[in-house]
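Read through the structure below, which is laid out as structure tokens, and then see the notes.
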Amino acid sequence: MEVTILGRGESLKKLDKFKSDCNDVILVNEFWKTKTNPCDYYREPEISKFITGKDITLVCTPTMGDVSDLIKDIESDHNIKNKYNTVFAPGSGTDRDLLANGNFSVFPNECLEDYKYANLSGKLKIYDVHSDEWKQGCVRGSLAWAVILAINYYKADRVTIFGLDFYEKDYLVPQNMDYEQEKKQSQSIKNDFSLLFKFYNKVRFTIHTFSSYDPELENVTIL
């Protein structure tokens with residue numbers, strides 16, 4: 001089972017030459033026009049061509065608020081089968097126990113055990129010491145949540161990722177937002193993803209990126 005995950009980095013341009021029978025695609029964060037995102041990402045030619053006819057899952061942080069009105073067009077143009085905020089149901093015992101916004105759902109219970117192990121157990125550490133928020137584990141950012149979803153809920157043994165450039169390159173469409181802090185943490189973000197990929201060492205990851213990332217792991221191919 002293969003799942004393709006799309007972040008929003010410039011390496012989405014590589015979709016033009018990508019051939020796959022994969023039918024499940026996870027879109028991470030704002031693929032629609034917002035105050036910070038100046039365009040409908042899902043309508044960009046390379047993205048639109050790839051996702052048309054596929055089963056789409058939306059994953060986004062709840063800090064975006066209720067985006068129900070903003071996603072009406074993508075929902076009418078494509079088969080959106082699931083929508084998740086990066087939170088777990090209240091009472092699940094994580095550091096992200098919250099209600100989802102609008103018509104999104106909390107993350108499935110199938111993902112709970114791995115999230116707790118990776119982000120709460122202390123056995124998988126991150127390297128970034130600049131923020132107390134990130135001192136517990138390596139599930140950093142919505143794309144890391146998408147990896148956990150692909151493996152635990154969709155049962156993927158192959159995960160292909162585009163648009164993960166670790167802030168070494170700009171977004172495919174430049175955003176109305178300052179990412180200077182994230183750029184300073186690029187190496188520690190890479191280290192966190194390496195820990196996550198190593199944790200899922202039975203899963204084959206293929207990462208199409210414009211960054212210098214190379215974790216030198218047997219289960220990770222960089223293209």
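Note on naming: chains are A, B, ... as they come in the structure tokens, residues start from 1 per chain, ligands start from 1 in the order shown.
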Range 94-201 of chain A residues near range 15-18 of chain A within 12 Å, closest pair each, using only C-alpha atoms, as a tab-separated table:
residue	atom	partner	partner_atom	distance
A:Thr160	CA	A:Phe18	CA	10.3
A:Ile161	CA	A:Leu15	CA	10.1
A:Phe162	CA	A:Leu15	CA	7.5
A:Gly163	CA	A:Leu15	CA	9.5
A:Leu172	CA	A:Leu15	CA	11.8
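For Phe166 in chain A, the list of residues within 9 Å, based on only C-alpha atoms and with local chain neighbours fewer than 3 positions off taken out, reads Gly9, Gly163, Lys169, Glu182, Lys183, Gln185, Ser186, Gln187, Ile189, Lys190, Thr209, Phe210, Ser211, Ser212 and Tyr213 of chain A.
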Selected residues written out, C-alpha atoms, as a compact mmCIF listing (two decimals), in the first residue's frame:
# COMPACT_ATOMS: atom_id res chain seq x y z
CA GLY A 9 7.61 23.32 -0.74
CA GLY A 163 7.20 19.51 -0.92
CA LYS A 169 13.93 26.45 -0.48
CA GLU A 182 11.94 27.79 10.95
CA LYS A 183 14.87 28.42 8.62
CA GLN A 185 15.89 25.27 12.82
CA SER A 186 16.30 23.51 9.47
CA GLN A 187 18.94 21.05 10.67
CA ILE A 189 13.90 19.55 11.80
CA LYS A 190 15.89 17.23 9.53
CA THR A 209 13.15 17.29 -2.34
CA PHE A 210 15.22 20.32 -3.33
CA SER A 211 16.92 20.35 0.07
CA SER A 212 20.32 18.88 0.99
CA TYR A 213 18.63 16.32 3.26
Query raised in the report: Residues at most 7 Å from Val3 in chain A, counting only C-alpha atoms, excluding those fewer than 5 positions away in the same chain, as a ChimeraX atom specification?
Result: /A:22,24-25,150,156,158-160
Could you save the residues just selected, with C-alpha atoms, as a compact mmCIF listing (two decimals), in the first residue's frame?
# COMPACT_ATOMS: atom_id res chain seq x y z
CA CYS A 22 -0.98 5.36 -5.77
CA ASP A 24 -4.31 7.93 -1.71
CA VAL A 25 -2.91 11.44 -1.32
CA ALA A 150 -0.37 7.14 6.35
CA ALA A 156 1.03 2.18 4.04
CA ARG A 158 5.49 2.81 1.07
CA VAL A 159 5.30 6.56 1.64
CA THR A 160 6.26 9.08 -1.04
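Restricting the calculation to only C-alpha atoms, the smallest distance between Leu196 in chain A and any of A:Asn37, A:Gln175, A:Asn119, A:Asn109 is found for A:Asn119.
You can rank A:Tyr171, A:Tyr117, A:Tyr154, A:Phe199 by their closest distance to Asn23 in chain A using only C-alpha atoms, and at the top of that list sits A:Tyr154.
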Requested in this report: Would you list, as a PyMOL selection string, the residues of range 51-117 of chain A that end up in strand (DSSP E or B) under DSSP run on this structure's backbone?
Outcome: chain A and resi 55-60+79-85+88+97+105
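Coordinates place CA of Thr36 in chain A at a distance of 26.0 Å from CA of Asp55 in chain A.
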Query raised in the report: If you run DSSP on this backbone, which residues of range 7-209 of chain A come out as alpha helix (DSSP H), and could you give them as a PyMOL selection string?
Result: chain A and resi 45-51+72-77+112-115+141-152+180-184+186-199
If you keep N, CA and C atoms, can you produce a file of those selected residues as a tab-separated table (two decimals), in the first residue's frame?
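What ended up in result_29.tsv:
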chain	number	residue	atom	x	y	z
A	45	PRO	N	-0.89	23.80	-11.75
A	45	PRO	CA	-0.95	22.75	-12.77
A	45	PRO	C	-0.38	21.40	-12.35
A	46	GLU	N	0.82	21.38	-11.77
A	46	GLU	CA	1.44	20.10	-11.42
A	46	GLU	C	0.68	19.38	-10.32
A	47	ILE	N	0.08	20.15	-9.42
A	47	ILE	CA	-0.69	19.55	-8.32
A	47	ILE	C	-2.05	19.08	-8.82
A	48	SER	N	-2.74	19.94	-9.55
A	48	SER	CA	-4.08	19.60	-10.05
A	48	SER	C	-4.05	18.34	-10.89
A	49	LYS	N	-3.07	18.23	-11.76
A	49	LYS	CA	-2.96	17.06	-12.62
A	49	LYS	C	-2.76	15.79	-11.80
A	50	PHE	N	-1.96	15.88	-10.75
A	50	PHE	CA	-1.63	14.70	-9.95
A	50	PHE	C	-2.79	14.25	-9.08
A	51	ILE	N	-3.52	15.18	-8.46
A	51	ILE	CA	-4.54	14.78	-7.48
A	51	ILE	C	-5.90	14.49	-8.11
A	72	LYS	N	-14.57	24.79	0.44
A	72	LYS	CA	-15.74	24.35	-0.32
A	72	LYS	C	-15.40	24.03	-1.77
A	73	ASP	N	-14.53	24.84	-2.38
A	73	ASP	CA	-14.19	24.62	-3.79
A	73	ASP	C	-13.38	23.35	-3.99
A	74	ILE	N	-12.38	23.12	-3.14
A	74	ILE	CA	-11.59	21.90	-3.30
A	74	ILE	C	-12.44	20.67	-3.02
A	75	GLU	N	-13.40	20.80	-2.11
A	75	GLU	CA	-14.29	19.67	-1.84
A	75	GLU	C	-15.22	19.39	-3.02
A	76	SER	N	-15.61	20.42	-3.74
A	76	SER	CA	-16.49	20.19	-4.89
A	76	SER	C	-15.71	19.73	-6.11
A	77	ASP	N	-14.42	20.09	-6.19
A	77	ASP	CA	-13.61	19.73	-7.36
A	77	ASP	C	-12.94	18.36	-7.24
A	112	LEU	N	-2.79	6.80	17.77
A	112	LEU	CA	-2.53	7.28	19.12
A	112	LEU	C	-1.30	6.65	19.76
A	113	GLU	N	-1.17	5.34	19.65
A	113	GLU	CA	-0.07	4.64	20.33
A	113	GLU	C	1.29	5.10	19.81
A	114	ASP	N	1.42	5.19	18.49
A	114	ASP	CA	2.70	5.61	17.93
A	114	ASP	C	3.00	7.07	18.26
A	115	TYR	N	1.98	7.91	18.28
A	115	TYR	CA	2.22	9.31	18.63
A	115	TYR	C	2.73	9.40	20.07
A	141	GLY	N	5.47	19.22	13.36
A	141	GLY	CA	4.78	19.75	12.21
A	141	GLY	C	3.74	18.81	11.63
A	142	SER	N	2.86	19.37	10.83
A	142	SER	CA	1.74	18.62	10.30
A	142	SER	C	2.15	17.52	9.35
A	143	LEU	N	3.27	17.69	8.64
A	143	LEU	CA	3.69	16.63	7.72
A	143	LEU	C	4.12	15.38	8.48
A	144	ALA	N	4.72	15.54	9.64
A	144	ALA	CA	5.07	14.38	10.46
A	144	ALA	C	3.81	13.65	10.92
A	145	TRP	N	2.77	14.41	11.25
A	145	TRP	CA	1.48	13.79	11.58
A	145	TRP	C	0.94	13.01	10.39
A	146	ALA	N	1.11	13.56	9.18
A	146	ALA	CA	0.64	12.87	7.98
A	146	ALA	C	1.36	11.55	7.78
A	147	VAL	N	2.63	11.49	8.14
A	147	VAL	CA	3.38	10.23	8.06
A	147	VAL	C	2.76	9.19	9.00
A	148	ILE	N	2.48	9.59	10.23
A	148	ILE	CA	1.86	8.68	11.19
A	148	ILE	C	0.49	8.21	10.70
A	149	LEU	N	-0.26	9.12	10.10
A	149	LEU	CA	-1.58	8.78	9.56
A	149	LEU	C	-1.46	7.77	8.42
A	150	ALA	N	-0.54	8.02	7.50
A	150	ALA	CA	-0.37	7.14	6.35
A	150	ALA	C	-0.05	5.71	6.78
A	151	ILE	N	0.79	5.58	7.79
A	151	ILE	CA	1.26	4.26	8.21
A	151	ILE	C	0.26	3.55	9.12
A	152	ASN	N	-0.28	4.26	10.08
A	152	ASN	CA	-1.14	3.62	11.08
A	152	ASN	C	-2.60	3.50	10.67
A	180	GLU	N	11.54	32.88	9.16
A	180	GLU	CA	12.95	33.00	9.55
A	180	GLU	C	13.29	32.06	10.71
A	181	GLN	N	12.40	31.92	11.69
A	181	GLN	CA	12.67	31.04	12.82
A	181	GLN	C	12.79	29.60	12.36
A	182	GLU	N	11.89	29.17	11.47
A	182	GLU	CA	11.94	27.79	10.95
A	182	GLU	C	13.21	27.56	10.15
A	183	LYS	N	13.64	28.56	9.40
A	183	LYS	CA	14.87	28.42	8.62
A	183	LYS	C	16.07	28.18	9.53
A	184	LYS	N	16.08	28.83	10.68
A	184	LYS	CA	17.18	28.66	11.63
A	184	LYS	C	17.18	27.24	12.23
A	186	SER	N	16.34	24.47	10.56
A	186	SER	CA	16.30	23.51	9.47
A	186	SER	C	17.00	22.20	9.81
A	187	GLN	N	18.20	22.28	10.38
A	187	GLN	CA	18.94	21.05	10.67
A	187	GLN	C	18.27	20.22	11.76
A	188	SER	N	17.74	20.86	12.77
A	188	SER	CA	17.08	20.10	13.83
A	188	SER	C	15.78	19.47	13.33
A	189	ILE	N	15.09	20.14	12.41
A	189	ILE	CA	13.90	19.55	11.80
A	189	ILE	C	14.29	18.31	11.00
A	190	LYS	N	15.39	18.40	10.26
A	190	LYS	CA	15.89	17.23	9.53
A	190	LYS	C	16.19	16.08	10.49
A	191	ASN	N	16.83	16.40	11.59
A	191	ASN	CA	17.17	15.36	12.57
A	191	ASN	C	15.92	14.68	13.11
A	192	ASP	N	14.88	15.47	13.36
A	192	ASP	CA	13.63	14.91	13.87
A	192	ASP	C	13.00	13.96	12.85
A	193	PHE	N	12.98	14.37	11.59
A	193	PHE	CA	12.42	13.49	10.56
A	193	PHE	C	13.25	12.22	10.40
A	194	SER	N	14.55	12.33	10.54
A	194	SER	CA	15.39	11.13	10.46
A	194	SER	C	15.03	10.14	11.56
A	195	LEU	N	14.79	10.65	12.77
A	195	LEU	CA	14.37	9.78	13.87
A	195	LEU	C	13.03	9.12	13.57
A	196	LEU	N	12.12	9.89	12.99
A	196	LEU	CA	10.80	9.35	12.67
A	196	LEU	C	10.90	8.28	11.59
A	197	PHE	N	11.70	8.52	10.55
A	197	PHE	CA	11.87	7.54	9.49
A	197	PHE	C	12.58	6.28	10.01
A	198	LYS	N	13.51	6.48	10.92
A	198	LYS	CA	14.20	5.33	11.51
A	198	LYS	C	13.25	4.53	12.39
A	199	PHE	N	12.37	5.21	13.10
A	199	PHE	CA	11.37	4.55	13.92
A	199	PHE	C	10.49	3.63	13.07
